[in-house]
There are 4 protein chains.
Amino acid sequence: MKEQSSNSEWRTSLTRISPGKIEIRGVDVTRLMREATFADGIYLMLKGELPTPAHSRVMNAILTSSIDHGLTPPSSLATRTVVSGGNPLNAAVAAGILTIGESHGGAIEECARMLQAEAPEDASAVVAAATVLVARYRDEKKRISGFGHRVHGTDPRAVALFEIAAEEGLDGRYVAMARAIEDALEAASGRRLPINVDGAIAAMISEMGFDWRLGKGFFIASRTPGLVAHAFEERTRERPMRKMTNFETVYDGPEDG
Amino acid sequence: MKEQSSNSEWRTSLTRISPGKIEIRGVDVTRLMREATFADGIYLMLKGELPTPAHSRVMNAILTSSIDHGLTPPSSLATRTVVSGGNPLNAAVAAGILTIGESHGGAIEECARMLQAEAPEDASAVVAAATVLVARYRDEKKRISGFGHRVHGTDPRAVALFEIAAEEGLDGRYVAMARAIEDALEAASGRRLPINVDGAIAAMISEMGFDWRLGKGFFIASRTPGLVAHAFEERTRERPMRKMTNFETVYDGPEDG
Amino acid sequence: MKEQSSNSEWRTSLTRISPGKIEIRGVDVTRLMREATFADGIYLMLKGELPTPAHSRVMNAILTSSIDHGLTPPSSLATRTVVSGGNPLNAAVAAGILTIGESHGGAIEECARMLQAEAPEDASAVVAAATVLVARYRDEKKRISGFGHRVHGTDPRAVALFEIAAEEGLDGRYVAMARAIEDALEAASGRRLPINVDGAIAAMISEMGFDWRLGKGFFIASRTPGLVAHAFEERTRERPMRKMTNFETVYDGPEDG
Amino acid sequence: MKEQSSNSEWRTSLTRISPGKIEIRGVDVTRLMREATFADGIYLMLKGELPTPAHSRVMNAILTSSIDHGLTPPSSLATRTVVSGGNPLNAAVAAGILTIGESHGGAIEECARMLQAEAPEDASAVVAAATVLVARYRDEKKRISGFGHRVHGTDPRAVALFEIAAEEGLDGRYVAMARAIEDALEAASGRRLPINVDGAIAAMISEMGFDWRLGKGFFIASRTPGLVAHAFEERTRERPMRKMTNFETVYDGPEDG
């Protein structure tokens, strides 16, 4: 554990700035600009070391997978609503990021927490562990995060991510556990609820050794450019203060107080 | 110009969602995950077409260049302040993004606007155009955005970005105009004020054909992962509600109203 | 003009904090708690002096007038969208405030700026000044902010606010100018476009001597408690991640890139 | 429990909008503007009924008490940092509100939750209940929220609020429990840790029958006008992008990766 900052001296292990030189986690930023992808820079920033080629490929795929999901997610809606009120791009993107919570993008964090706590090191123990886990969640009437999707029966991003992981030899215990949970869920409920992109990202960041508490961070880094595009399209294509709602309203509060 | 949305039917040219399929600007997201870098996905998202290899390399370099600049920028400070109040990562990153305005990261937009308006198509006219531009800004007592840096005499990120641009044959009229402005500023003031990373990004997004109004979007996409890292470090290393300020306060308002 | 802060010493004329004592603009906060309304405290905070009884009454009426306008404004929608994503109340209210811009609540600022620049001191000059102003805006194809409302033919809040102003003797040159603009707009267009609540607030804060650049601040202070109520109702009444959109989507971007 | 909204029909018990009429919780807004203070409007908005005169006085005092606490709280700092980056007032206030979390303003919510769960109806049982409570928190090594203040030995706002409550006959079981906890804390630790303004607000909103989950909402409504004043002072008095930090930085991350 690193020493804490004092009030007069702040400590950081992230970036060292000196005149003419910027080092990200000890790596000169100009070397990164020349030799690495942006996703590698993000990996380095969050992990403190450069990715292997396999990790680099998976990192790029993770970040690309969630860059946008159209007009209907809360983040797109909030971003466009802020533009429509007549505000700049940064305020619009900030509002989009504010929607990313327990129920929107939060499954990465929750699923990674669960996988990191529950996936056994011994491959032969995975099926039993998943069965016990599913039973426990059912007893506690809790939902397992990262499985099923409101639009996609099978989430194509999860499929692609696991294929890439397999090609790169990164399908270890967390992927195995995720797969075993899929089977255990089906065995318990009679219905297949395939892992979704959040669950697949959770498994992959666990394979690569990231702290589960960074889960929402991956989603935020990935979705932010998509929100920039939504803000820009709203500003350049739609008129200001357009009607953003299309529901009837019913008032059911007190009468004439 | 695309048709506007109606209230019952929203239109977008960004992403098409159908069960089991996600297409970003017409490209299947699973193809992107397999074949492209995250920076390519961002380029596609913002531009509507995939980058050439040269554009891809420059795009990666742009996004990597501004991923972090340590503890002191407004965005780092606001992000850490929100964590310190006891708030989640997304709220902290949103606050960091809210600081990105005219004076923090805004030089990209302003410099790109200027370059796109003023850079002559004819290379032989560049020096004269830059001289006229610098004189006009001096007359109007306006600062030219994108030149000089409070820490770096020469900004190493700008140097690296222009080197990469030259290697990739992307040093066209906007880079030439930026260079000519550097010279004209020196001729007018007697002091060299080298182009900084914001100015270099402005030149490069202009070379690649991006609308200058996306300027802050590049900075936001680049810096967001850095803000995630600051939020995470603050949460895991520092105690909540630590003293974030280290200044004396002087009250100089009315006495005893 | 007050002295600027230095880096080691920050200056403020707002509040003096010492152990056991808090003075807002020179007034002990416990005296305010005993003797003043919250609206008086806001007036003091923003203006640096306590309101007269007439100003106090108008200030309370201004702040009450805009406390909520139902489910459809951008601010309500963004606030509820953030709650629906699974986020805390402060993040939800912040997103609502982010929507308050040029097109949502911004008319107060723009109308106050115009009134403070254009209202003649001499009452007999008001009608001519309004006629010239309306003609100029028409020539420049600009809309005059603060007149007309998408829901209310006559905005009942504007009516009430001007009645209260008249009762309190606060209907001076800015109210006269606002009235004259209503008439001049009708004379020029043949259609009555009555002043709305934003315009009426703009006139009243001008009468009370507030800087027009505080315009959005009045709206923000007024609407924030309404957004708290929306966030709370969304959390306690609706399920998380409910479908916030009810539009069809049409993709009209590139095919198969 | 009210019916939930459907996707095509949103339900609310807050405000009814019809052409020419706005009713807040069943009360015509123009009646509120004429007859009530802004704090009464907030009470109505959050509670669904108008306050009694006693509740009105306490509500005004609560909201006035926390309107500002100078330059050093996280909310002031974040607000000014966003202005300094060159951003509009609403973005600055939003960032300030984002800092209001578990550790900044959050004590109201946590203390109200505790008081509403633990304060016995029977006055004679209060002392014993407080003793048990304090012992339990000590066993669980948890801090009791709402007691002690980093600047004020005795928080003058808490004193004033309890005096007003007593004058208005609103010092019931929650105030009694808060007082008993003060004594039990002193008995257990040998040190007096007086209730602070957050604890006093928690007791008073409990006396008035508010849900503890609205706790942060009271703080947000109260502090927002203060943040408006900070944003305005920063914009009109200080230069853009001023140095907001005054600490030395120490890098202690990896060397030359």
# chains A, B, ... in the order shown; residues from 1 in each chain; ligands from 1
>>> interface_residues(of="chain B", to="chain D", cutoff="7 Å", atoms="only C-alpha atoms", output="JSON list (two decimals) with N, CA and C atoms, in the first residue's frame")
[["chain", "number", "residue", "atom", "x", "y", "z"],
["B", 72, "THR", "N", -2.54, 18.14, -11.47],
["B", 72, "THR", "CA", -2.87, 19.56, -11.34],
["B", 72, "THR", "C", -3.94, 20.10, -12.31],
["B", 74, "PRO", "N", -7.47, 21.06, -13.97],
["B", 74, "PRO", "CA", -8.80, 21.15, -13.37],
["B", 74, "PRO", "C", -9.57, 19.82, -13.40],
["B", 78, "ALA", "N", -11.11, 18.13, -10.06],
["B", 78, "ALA", "CA", -12.55, 17.98, -9.87],
["B", 78, "ALA", "C", -12.92, 16.50, -9.68],
["B", 81, "THR", "N", -11.96, 15.48, -6.22],
["B", 81, "THR", "CA", -12.80, 16.16, -5.23],
["B", 81, "THR", "C", -14.15, 15.44, -5.07],
["B", 82, "VAL", "N", -14.70, 14.99, -6.18],
["B", 82, "VAL", "CA", -15.99, 14.28, -6.13],
["B", 82, "VAL", "C", -15.83, 12.92, -5.45],
["B", 85, "GLY", "N", -15.68, 13.39, -1.69],
["B", 85, "GLY", "CA", -16.99, 13.61, -1.05],
["B", 85, "GLY", "C", -17.77, 12.33, -0.83],
["B", 86, "GLY", "N", -17.24, 11.22, -1.34],
["B", 86, "GLY", "CA", -17.90, 9.92, -1.11],
["B", 86, "GLY", "C", -18.82, 9.51, -2.23],
["B", 87, "ASN", "N", -18.40, 9.73, -3.47],
["B", 87, "ASN", "CA", -19.26, 9.47, -4.63],
["B", 87, "ASN", "C", -18.66, 8.45, -5.58],
["B", 91, "ALA", "N", -19.76, 9.57, -11.33],
["B", 91, "ALA", "CA", -19.99, 10.97, -10.95],
["B", 91, "ALA", "C", -18.66, 11.73, -10.96],
["B", 95, "ALA", "N", -17.70, 14.96, -13.41],
["B", 95, "ALA", "CA", -17.26, 16.27, -12.92],
["B", 95, "ALA", "C", -15.96, 16.68, -13.60],
["B", 98, "LEU", "N", -16.76, 17.99, -16.90],
["B", 98, "LEU", "CA", -17.39, 19.31, -16.83],
["B", 98, "LEU", "C", -16.37, 20.45, -16.80],
["B", 99, "THR", "N", -15.15, 20.18, -16.35],
["B", 99, "THR", "CA", -14.13, 21.25, -16.32],
["B", 99, "THR", "C", -13.57, 21.56, -17.70],
["B", 100, "ILE", "N", -13.77, 20.64, -18.64],
["B", 100, "ILE", "CA", -13.16, 20.78, -19.97],
["B", 100, "ILE", "C", -13.94, 21.82, -20.76],
["B", 101, "GLY", "N", -13.39, 23.03, -20.81],
["B", 101, "GLY", "CA", -14.12, 24.12, -21.45],
["B", 101, "GLY", "C", -13.19, 24.99, -22.26],
["B", 102, "GLU", "N", -13.61, 26.20, -22.45],
["B", 102, "GLU", "CA", -12.86, 27.13, -23.29],
["B", 102, "GLU", "C", -11.39, 27.20, -22.89],
["B", 103, "SER", "N", -11.13, 27.14, -21.56],
["B", 103, "SER", "CA", -9.76, 27.35, -21.09],
["B", 103, "SER", "C", -9.02, 26.05, -20.78],
["B", 104, "HIS", "N", -9.68, 24.90, -20.78],
["B", 104, "HIS", "CA", -9.04, 23.62, -20.47],
["B", 104, "HIS", "C", -9.45, 22.62, -21.56],
["B", 240, "PRO", "N", -11.43, 9.33, 2.72],
["B", 240, "PRO", "CA", -12.53, 10.17, 2.28],
["B", 240, "PRO", "C", -12.42, 11.57, 2.89],
["B", 241, "MET", "N", -13.01, 12.53, 2.19],
["B", 241, "MET", "CA", -13.11, 13.91, 2.69],
["B", 241, "MET", "C", -11.78, 14.43, 3.19],
["B", 245, "THR", "N", -7.83, 21.44, -0.18],
["B", 245, "THR", "CA", -7.35, 22.79, -0.41],
["B", 245, "THR", "C", -6.18, 23.09, 0.50],
["B", 246, "ASN", "N", -5.32, 23.94, 0.04],
["B", 246, "ASN", "CA", -4.14, 24.28, 0.83],
["B", 246, "ASN", "C", -3.84, 25.75, 0.68],
["B", 247, "PHE", "N", -4.90, 26.54, 0.68],
["B", 247, "PHE", "CA", -4.70, 27.98, 0.58],
["B", 247, "PHE", "C", -5.24, 28.62, 1.86]]
>>> select_by_dssp(residues="region 58-256 of chain C", states="strand (DSSP E)", output="PDB file with N, CA, C and O atoms, in the first residue's frame")
ATOM      1  N   GLU C 248     -39.997   5.294 -32.277  1.00  0.00           N
ATOM      2  CA  GLU C 248     -39.402   4.346 -33.213  1.00  0.00           C
ATOM      3  C   GLU C 248     -38.048   4.905 -33.634  1.00  0.00           C
ATOM      4  O   GLU C 248     -37.853   6.125 -33.670  1.00  0.00           O
ATOM      5  N   THR C 249     -37.103   4.033 -33.967  1.00  0.00           N
ATOM      6  CA  THR C 249     -35.824   4.521 -34.442  1.00  0.00           C
ATOM      7  C   THR C 249     -35.645   4.166 -35.915  1.00  0.00           C
ATOM      8  O   THR C 249     -36.028   3.090 -36.353  1.00  0.00           O
ATOM      9  N   VAL C 250     -35.101   5.109 -36.642  1.00  0.00           N
ATOM     10  CA  VAL C 250     -34.792   4.878 -38.052  1.00  0.00           C
ATOM     11  C   VAL C 250     -33.300   5.129 -38.234  1.00  0.00           C
ATOM     12  O   VAL C 250     -32.806   6.209 -37.885  1.00  0.00           O
ATOM     13  N   TYR C 251     -32.610   4.149 -38.765  1.00  0.00           N
ATOM     14  CA  TYR C 251     -31.190   4.316 -39.070  1.00  0.00           C
ATOM     15  C   TYR C 251     -31.064   4.795 -40.509  1.00  0.00           C
ATOM     16  O   TYR C 251     -31.612   4.164 -41.419  1.00  0.00           O
TER      17      TYR C 251
END
>>> residues_around(residues="region 220-230 of chain C", least_positions_apart="2", cutoff="8 Å", atoms="only C-alpha atoms", output="MDAnalysis selection string")
(chainID C and resid 62:68 75:76 79:80 89 93 96:97 100 216:218 232:234) or (chainID D and resid 14 42 45:46 90 217 220:221 224:225 228)
>>> write_last_selection(atoms="N, CA, C and O atoms", output="compact mmCIF listing (two decimals), in the first residue's frame")
# COMPACT_ATOMS: atom_id res chain seq x y z
N ILE C 62 -40.58 34.81 -7.16
CA ILE C 62 -39.75 34.37 -8.29
C ILE C 62 -39.33 32.92 -8.11
O ILE C 62 -39.47 32.09 -9.00
N LEU C 63 -38.78 32.63 -6.94
CA LEU C 63 -38.21 31.30 -6.72
C LEU C 63 -39.32 30.24 -6.68
O LEU C 63 -39.13 29.12 -7.16
N THR C 64 -40.48 30.61 -6.15
CA THR C 64 -41.59 29.66 -6.11
C THR C 64 -42.15 29.40 -7.51
O THR C 64 -42.57 28.28 -7.82
N SER C 65 -42.11 30.41 -8.34
CA SER C 65 -42.78 30.31 -9.65
C SER C 65 -42.26 29.17 -10.51
O SER C 65 -43.01 28.56 -11.25
N SER C 66 -40.98 28.87 -10.42
CA SER C 66 -40.36 27.94 -11.37
C SER C 66 -39.92 26.64 -10.71
O SER C 66 -39.10 25.91 -11.26
N ILE C 67 -40.50 26.34 -9.57
CA ILE C 67 -40.05 25.18 -8.80
C ILE C 67 -40.27 23.86 -9.55
O ILE C 67 -39.50 22.91 -9.39
N ASP C 68 -41.29 23.81 -10.40
CA ASP C 68 -41.48 22.60 -11.21
C ASP C 68 -42.39 22.91 -12.38
O ASP C 68 -43.23 23.82 -12.31
N SER C 75 -34.99 19.01 -18.04
CA SER C 75 -34.38 18.80 -16.73
C SER C 75 -35.05 17.64 -15.98
O SER C 75 -34.36 16.83 -15.34
N SER C 76 -36.37 17.54 -16.03
CA SER C 76 -37.06 16.42 -15.39
C SER C 76 -36.66 15.10 -16.04
O SER C 76 -36.40 14.10 -15.36
N THR C 79 -33.03 14.07 -15.17
CA THR C 79 -32.95 13.65 -13.77
C THR C 79 -33.49 12.23 -13.60
O THR C 79 -32.85 11.38 -12.98
N ARG C 80 -34.65 11.97 -14.17
CA ARG C 80 -35.25 10.64 -14.04
C ARG C 80 -34.43 9.58 -14.79
O ARG C 80 -34.35 8.42 -14.35
N LEU C 89 -29.24 10.37 -5.85
CA LEU C 89 -29.99 11.60 -6.02
C LEU C 89 -29.12 12.77 -6.49
O LEU C 89 -29.55 13.54 -7.37
N VAL C 93 -29.85 15.02 -9.91
CA VAL C 93 -30.13 16.45 -9.91
C VAL C 93 -29.07 17.19 -10.74
O VAL C 93 -29.39 18.11 -11.50
N GLY C 96 -29.95 16.98 -14.31
CA GLY C 96 -31.05 17.90 -14.61
C GLY C 96 -30.55 19.32 -14.79
O GLY C 96 -30.94 20.03 -15.73
N ILE C 97 -29.65 19.73 -13.91
CA ILE C 97 -29.10 21.09 -14.00
C ILE C 97 -28.26 21.26 -15.27
O ILE C 97 -28.23 22.35 -15.86
N ILE C 100 -30.04 22.77 -18.26
CA ILE C 100 -30.48 24.17 -18.21
C ILE C 100 -29.50 25.03 -18.99
O ILE C 100 -28.41 25.34 -18.52
N LYS C 216 -29.48 32.53 -15.12
CA LYS C 216 -29.65 31.08 -15.00
C LYS C 216 -29.58 30.64 -13.54
O LYS C 216 -30.16 29.62 -13.17
N GLY C 217 -28.87 31.41 -12.72
CA GLY C 217 -28.75 31.06 -11.31
C GLY C 217 -30.09 31.08 -10.59
O GLY C 217 -30.35 30.23 -9.73
N PHE C 218 -30.93 32.04 -10.93
CA PHE C 218 -32.27 32.07 -10.33
C PHE C 218 -33.07 30.83 -10.73
O PHE C 218 -33.75 30.22 -9.91
N PHE C 232 -36.70 11.63 -6.42
CA PHE C 232 -37.24 10.81 -5.34
C PHE C 232 -38.46 10.01 -5.81
O PHE C 232 -38.59 8.82 -5.50
N GLU C 233 -39.34 10.65 -6.58
CA GLU C 233 -40.50 9.92 -7.09
C GLU C 233 -40.08 8.79 -8.02
O GLU C 233 -40.62 7.69 -7.97
N GLU C 234 -39.09 9.08 -8.88
CA GLU C 234 -38.63 8.03 -9.80
C GLU C 234 -38.08 6.84 -9.02
O GLU C 234 -38.40 5.69 -9.32
N LEU D 14 -46.68 14.76 -8.69
CA LEU D 14 -46.03 16.02 -8.33
C LEU D 14 -46.77 17.25 -8.85
O LEU D 14 -47.24 18.08 -8.08
N ILE D 42 -40.98 24.41 -1.39
CA ILE D 42 -40.10 23.24 -1.37
C ILE D 42 -40.71 22.15 -0.49
O ILE D 42 -40.73 20.97 -0.85
N MET D 45 -43.52 20.57 -2.34
CA MET D 45 -42.99 19.76 -3.43
C MET D 45 -42.50 18.41 -2.93
O MET D 45 -42.74 17.37 -3.54
N LEU D 46 -41.82 18.42 -1.78
CA LEU D 46 -41.19 17.19 -1.27
C LEU D 46 -42.15 16.36 -0.42
O LEU D 46 -41.96 15.17 -0.27
N ASN D 90 -24.26 26.65 -15.10
CA ASN D 90 -24.99 25.43 -14.77
C ASN D 90 -24.05 24.24 -14.66
O ASN D 90 -24.22 23.38 -13.78
N GLY D 217 -31.30 15.60 -0.38
CA GLY D 217 -32.11 16.58 -1.12
C GLY D 217 -32.21 17.91 -0.40
O GLY D 217 -32.17 18.97 -1.04
N ILE D 220 -28.87 19.59 -0.85
CA ILE D 220 -28.70 20.06 -2.24
C ILE D 220 -29.52 21.33 -2.48
O ILE D 220 -29.03 22.31 -3.06
N ALA D 221 -30.79 21.32 -2.02
CA ALA D 221 -31.64 22.50 -2.23
C ALA D 221 -31.07 23.72 -1.51
O ALA D 221 -31.11 24.85 -2.01
N THR D 224 -27.34 24.80 -3.20
CA THR D 224 -27.28 25.21 -4.61
C THR D 224 -27.16 26.73 -4.80
O THR D 224 -26.32 27.19 -5.58
N PRO D 225 -27.96 27.55 -4.11
CA PRO D 225 -27.77 29.00 -4.30
C PRO D 225 -26.38 29.47 -3.88
O PRO D 225 -25.83 30.39 -4.49
N VAL D 228 -24.17 28.80 -6.76
CA VAL D 228 -24.38 29.82 -7.80
C VAL D 228 -23.52 31.05 -7.48
O VAL D 228 -22.85 31.61 -8.35
>>> select_by_dssp(residues="region 39-237 of chain C", states="alpha helix (DSSP H)", output="ChimeraX atom specification")
/C:39-47,53-65,74-84,89-98,107-118,126-139,156-167,173-189,197-207,215-237
>>> write_last_selection(atoms="C-alpha atoms", output="compact mmCIF listing (two decimals), in the first residue's frame")
# COMPACT_ATOMS: atom_id res chain seq x y z
CA ALA C 39 -35.36 33.33 -0.21
CA ASP C 40 -33.92 36.25 1.75
CA GLY C 41 -30.81 34.17 2.38
CA ILE C 42 -30.51 33.50 -1.34
CA TYR C 43 -30.97 37.21 -2.09
CA LEU C 44 -28.27 38.08 0.42
CA MET C 45 -25.94 35.40 -0.96
CA LEU C 46 -26.32 36.65 -4.53
CA LYS C 47 -26.53 40.39 -3.90
CA PRO C 53 -39.78 43.61 2.54
CA ALA C 54 -40.90 44.34 -1.04
CA HIS C 55 -37.83 42.67 -2.51
CA SER C 56 -38.28 39.74 -0.13
CA ARG C 57 -41.82 39.16 -1.31
CA VAL C 58 -40.85 39.33 -4.98
CA MET C 59 -37.81 37.11 -4.40
CA ASN C 60 -39.98 34.44 -2.75
CA ALA C 61 -42.47 34.66 -5.62
CA ILE C 62 -39.75 34.37 -8.29
CA LEU C 63 -38.21 31.30 -6.72
CA THR C 64 -41.59 29.66 -6.11
CA SER C 65 -42.78 30.31 -9.65
CA PRO C 74 -35.44 18.39 -20.35
CA SER C 75 -34.38 18.80 -16.73
CA SER C 76 -37.06 16.42 -15.39
CA LEU C 77 -36.31 13.88 -18.10
CA ALA C 78 -32.54 13.89 -17.55
CA THR C 79 -32.95 13.65 -13.77
CA ARG C 80 -35.25 10.64 -14.04
CA THR C 81 -33.02 9.00 -16.66
CA VAL C 82 -30.05 9.12 -14.29
CA VAL C 83 -32.08 7.62 -11.44
CA SER C 84 -33.31 4.92 -13.78
CA LEU C 89 -29.99 11.60 -6.02
CA ASN C 90 -27.15 14.10 -6.34
CA ALA C 91 -26.03 12.69 -9.69
CA ALA C 92 -29.63 12.84 -10.93
CA VAL C 93 -30.13 16.45 -9.91
CA ALA C 94 -26.75 17.39 -11.41
CA ALA C 95 -27.79 15.95 -14.77
CA GLY C 96 -31.05 17.90 -14.61
CA ILE C 97 -29.10 21.09 -14.00
CA LEU C 98 -26.84 20.28 -16.94
CA ALA C 107 -34.37 33.10 -21.59
CA ILE C 108 -34.08 34.73 -18.16
CA GLU C 109 -30.46 35.63 -18.75
CA GLU C 110 -30.90 36.72 -22.35
CA CYS C 111 -34.03 38.78 -21.62
CA ALA C 112 -32.44 40.42 -18.57
CA ARG C 113 -29.34 41.27 -20.60
CA MET C 114 -31.54 42.91 -23.23
CA LEU C 115 -33.70 44.81 -20.73
CA GLN C 116 -30.68 46.08 -18.80
CA ALA C 117 -29.07 47.25 -22.04
CA GLU C 118 -32.14 48.77 -23.67
CA VAL C 126 -40.10 53.37 -23.45
CA VAL C 127 -42.60 52.85 -26.25
CA ALA C 128 -40.25 54.21 -28.89
CA ALA C 129 -37.34 52.17 -27.53
CA ALA C 130 -39.42 48.98 -27.65
CA THR C 131 -40.53 49.65 -31.22
CA VAL C 132 -36.95 50.20 -32.34
CA LEU C 133 -35.80 47.08 -30.50
CA VAL C 134 -38.45 44.85 -32.04
CA ALA C 135 -37.68 46.20 -35.52
CA ARG C 136 -33.97 45.58 -35.02
CA TYR C 137 -34.48 41.99 -33.89
CA ARG C 138 -36.75 41.37 -36.89
CA ASP C 139 -34.13 42.79 -39.24
CA PRO C 156 -50.08 32.50 -15.23
CA ARG C 157 -46.78 32.83 -13.37
CA ALA C 158 -45.86 35.95 -15.34
CA VAL C 159 -49.26 37.47 -14.58
CA ALA C 160 -48.94 36.73 -10.86
CA LEU C 161 -45.39 38.00 -10.69
CA PHE C 162 -46.28 41.33 -12.30
CA GLU C 163 -49.31 41.69 -10.01
CA ILE C 164 -47.12 41.16 -6.96
CA ALA C 165 -44.55 43.58 -8.37
CA ALA C 166 -47.26 46.23 -8.81
CA GLU C 167 -48.57 45.69 -5.28
CA ARG C 173 -38.62 50.81 -16.10
CA TYR C 174 -37.85 47.16 -16.77
CA VAL C 175 -41.47 46.05 -16.32
CA ALA C 176 -42.54 49.00 -18.47
CA MET C 177 -40.06 48.02 -21.17
CA ALA C 178 -41.21 44.38 -21.06
CA ARG C 179 -44.83 45.50 -21.46
CA ALA C 180 -43.91 47.82 -24.30
CA ILE C 181 -42.09 44.98 -26.07
CA GLU C 182 -45.26 42.84 -25.82
CA ASP C 183 -47.19 45.63 -27.56
CA ALA C 184 -44.50 46.26 -30.15
CA LEU C 185 -44.31 42.53 -30.97
CA GLU C 186 -48.07 42.48 -31.47
CA ALA C 187 -47.98 45.62 -33.61
CA ALA C 188 -45.24 44.14 -35.77
CA SER C 189 -46.62 40.62 -36.13
CA VAL C 197 -42.31 33.46 -16.61
CA ASP C 198 -38.71 33.73 -17.80
CA GLY C 199 -39.33 37.20 -19.17
CA ALA C 200 -41.15 38.28 -16.02
CA ILE C 201 -38.31 37.00 -13.82
CA ALA C 202 -35.85 38.84 -16.08
CA ALA C 203 -37.77 42.09 -15.54
CA MET C 204 -38.01 41.58 -11.79
CA ILE C 205 -34.36 40.72 -11.18
CA SER C 206 -33.51 43.81 -13.24
CA GLU C 207 -35.83 45.92 -11.06
CA GLY C 215 -30.18 34.83 -14.73
CA LYS C 216 -29.65 31.08 -15.00
CA GLY C 217 -28.75 31.06 -11.31
CA PHE C 218 -32.27 32.07 -10.33
CA PHE C 219 -33.73 29.31 -12.46
CA ILE C 220 -31.26 26.75 -11.09
CA ALA C 221 -31.98 27.72 -7.47
CA SER C 222 -35.72 27.56 -8.12
CA ARG C 223 -35.86 24.31 -10.08
CA THR C 224 -33.40 22.27 -8.01
CA PRO C 225 -35.94 21.31 -5.30
CA GLY C 226 -38.32 20.25 -8.07
CA LEU C 227 -35.62 18.00 -9.50
CA VAL C 228 -35.05 16.50 -6.04
CA ALA C 229 -38.76 15.61 -5.98
CA HIS C 230 -38.59 14.06 -9.46
CA ALA C 231 -35.55 11.99 -8.51
CA PHE C 232 -37.24 10.81 -5.34
CA GLU C 233 -40.50 9.92 -7.09
CA GLU C 234 -38.63 8.03 -9.80
CA ARG C 235 -36.66 6.04 -7.24
CA THR C 236 -39.53 5.19 -4.94
CA ARG C 237 -42.24 4.61 -7.52
>>> atom_distance(atom1="CA of Pro51 (chain A)", atom2="CA of Asp171 (chain A)")
16.3 Å
>>> decode(residues="region 198-205 of chain B", atoms="N, CA, C and O atoms", output="compact mmCIF listing (two decimals), in the first residue's frame")
# COMPACT_ATOMS: atom_id res chain seq x y z
N ASP B 198 -2.49 20.66 -27.98
CA ASP B 198 -3.82 21.03 -28.46
C ASP B 198 -3.75 21.54 -29.91
O ASP B 198 -4.56 21.18 -30.76
N GLY B 199 -2.76 22.39 -30.17
CA GLY B 199 -2.59 22.92 -31.52
C GLY B 199 -2.25 21.82 -32.52
O GLY B 199 -2.75 21.81 -33.65
N ALA B 200 -1.38 20.90 -32.09
CA ALA B 200 -0.99 19.81 -32.98
C ALA B 200 -2.19 18.90 -33.28
O ALA B 200 -2.38 18.45 -34.41
N ILE B 201 -3.00 18.62 -32.25
CA ILE B 201 -4.21 17.81 -32.49
C ILE B 201 -5.15 18.55 -33.43
O ILE B 201 -5.74 17.96 -34.35
N ALA B 202 -5.27 19.86 -33.22
CA ALA B 202 -6.14 20.66 -34.10
C ALA B 202 -5.70 20.53 -35.55
O ALA B 202 -6.53 20.36 -36.46
N ALA B 203 -4.39 20.61 -35.78
CA ALA B 203 -3.88 20.49 -37.15
C ALA B 203 -4.17 19.09 -37.71
O ALA B 203 -4.60 18.95 -38.86
N MET B 204 -3.96 18.06 -36.88
CA MET B 204 -4.12 16.69 -37.38
C MET B 204 -5.57 16.32 -37.64
O MET B 204 -5.87 15.62 -38.61
N ILE B 205 -6.50 16.76 -36.77
CA ILE B 205 -7.90 16.42 -37.06
C ILE B 205 -8.36 17.20 -38.30
O ILE B 205 -9.22 16.72 -39.04
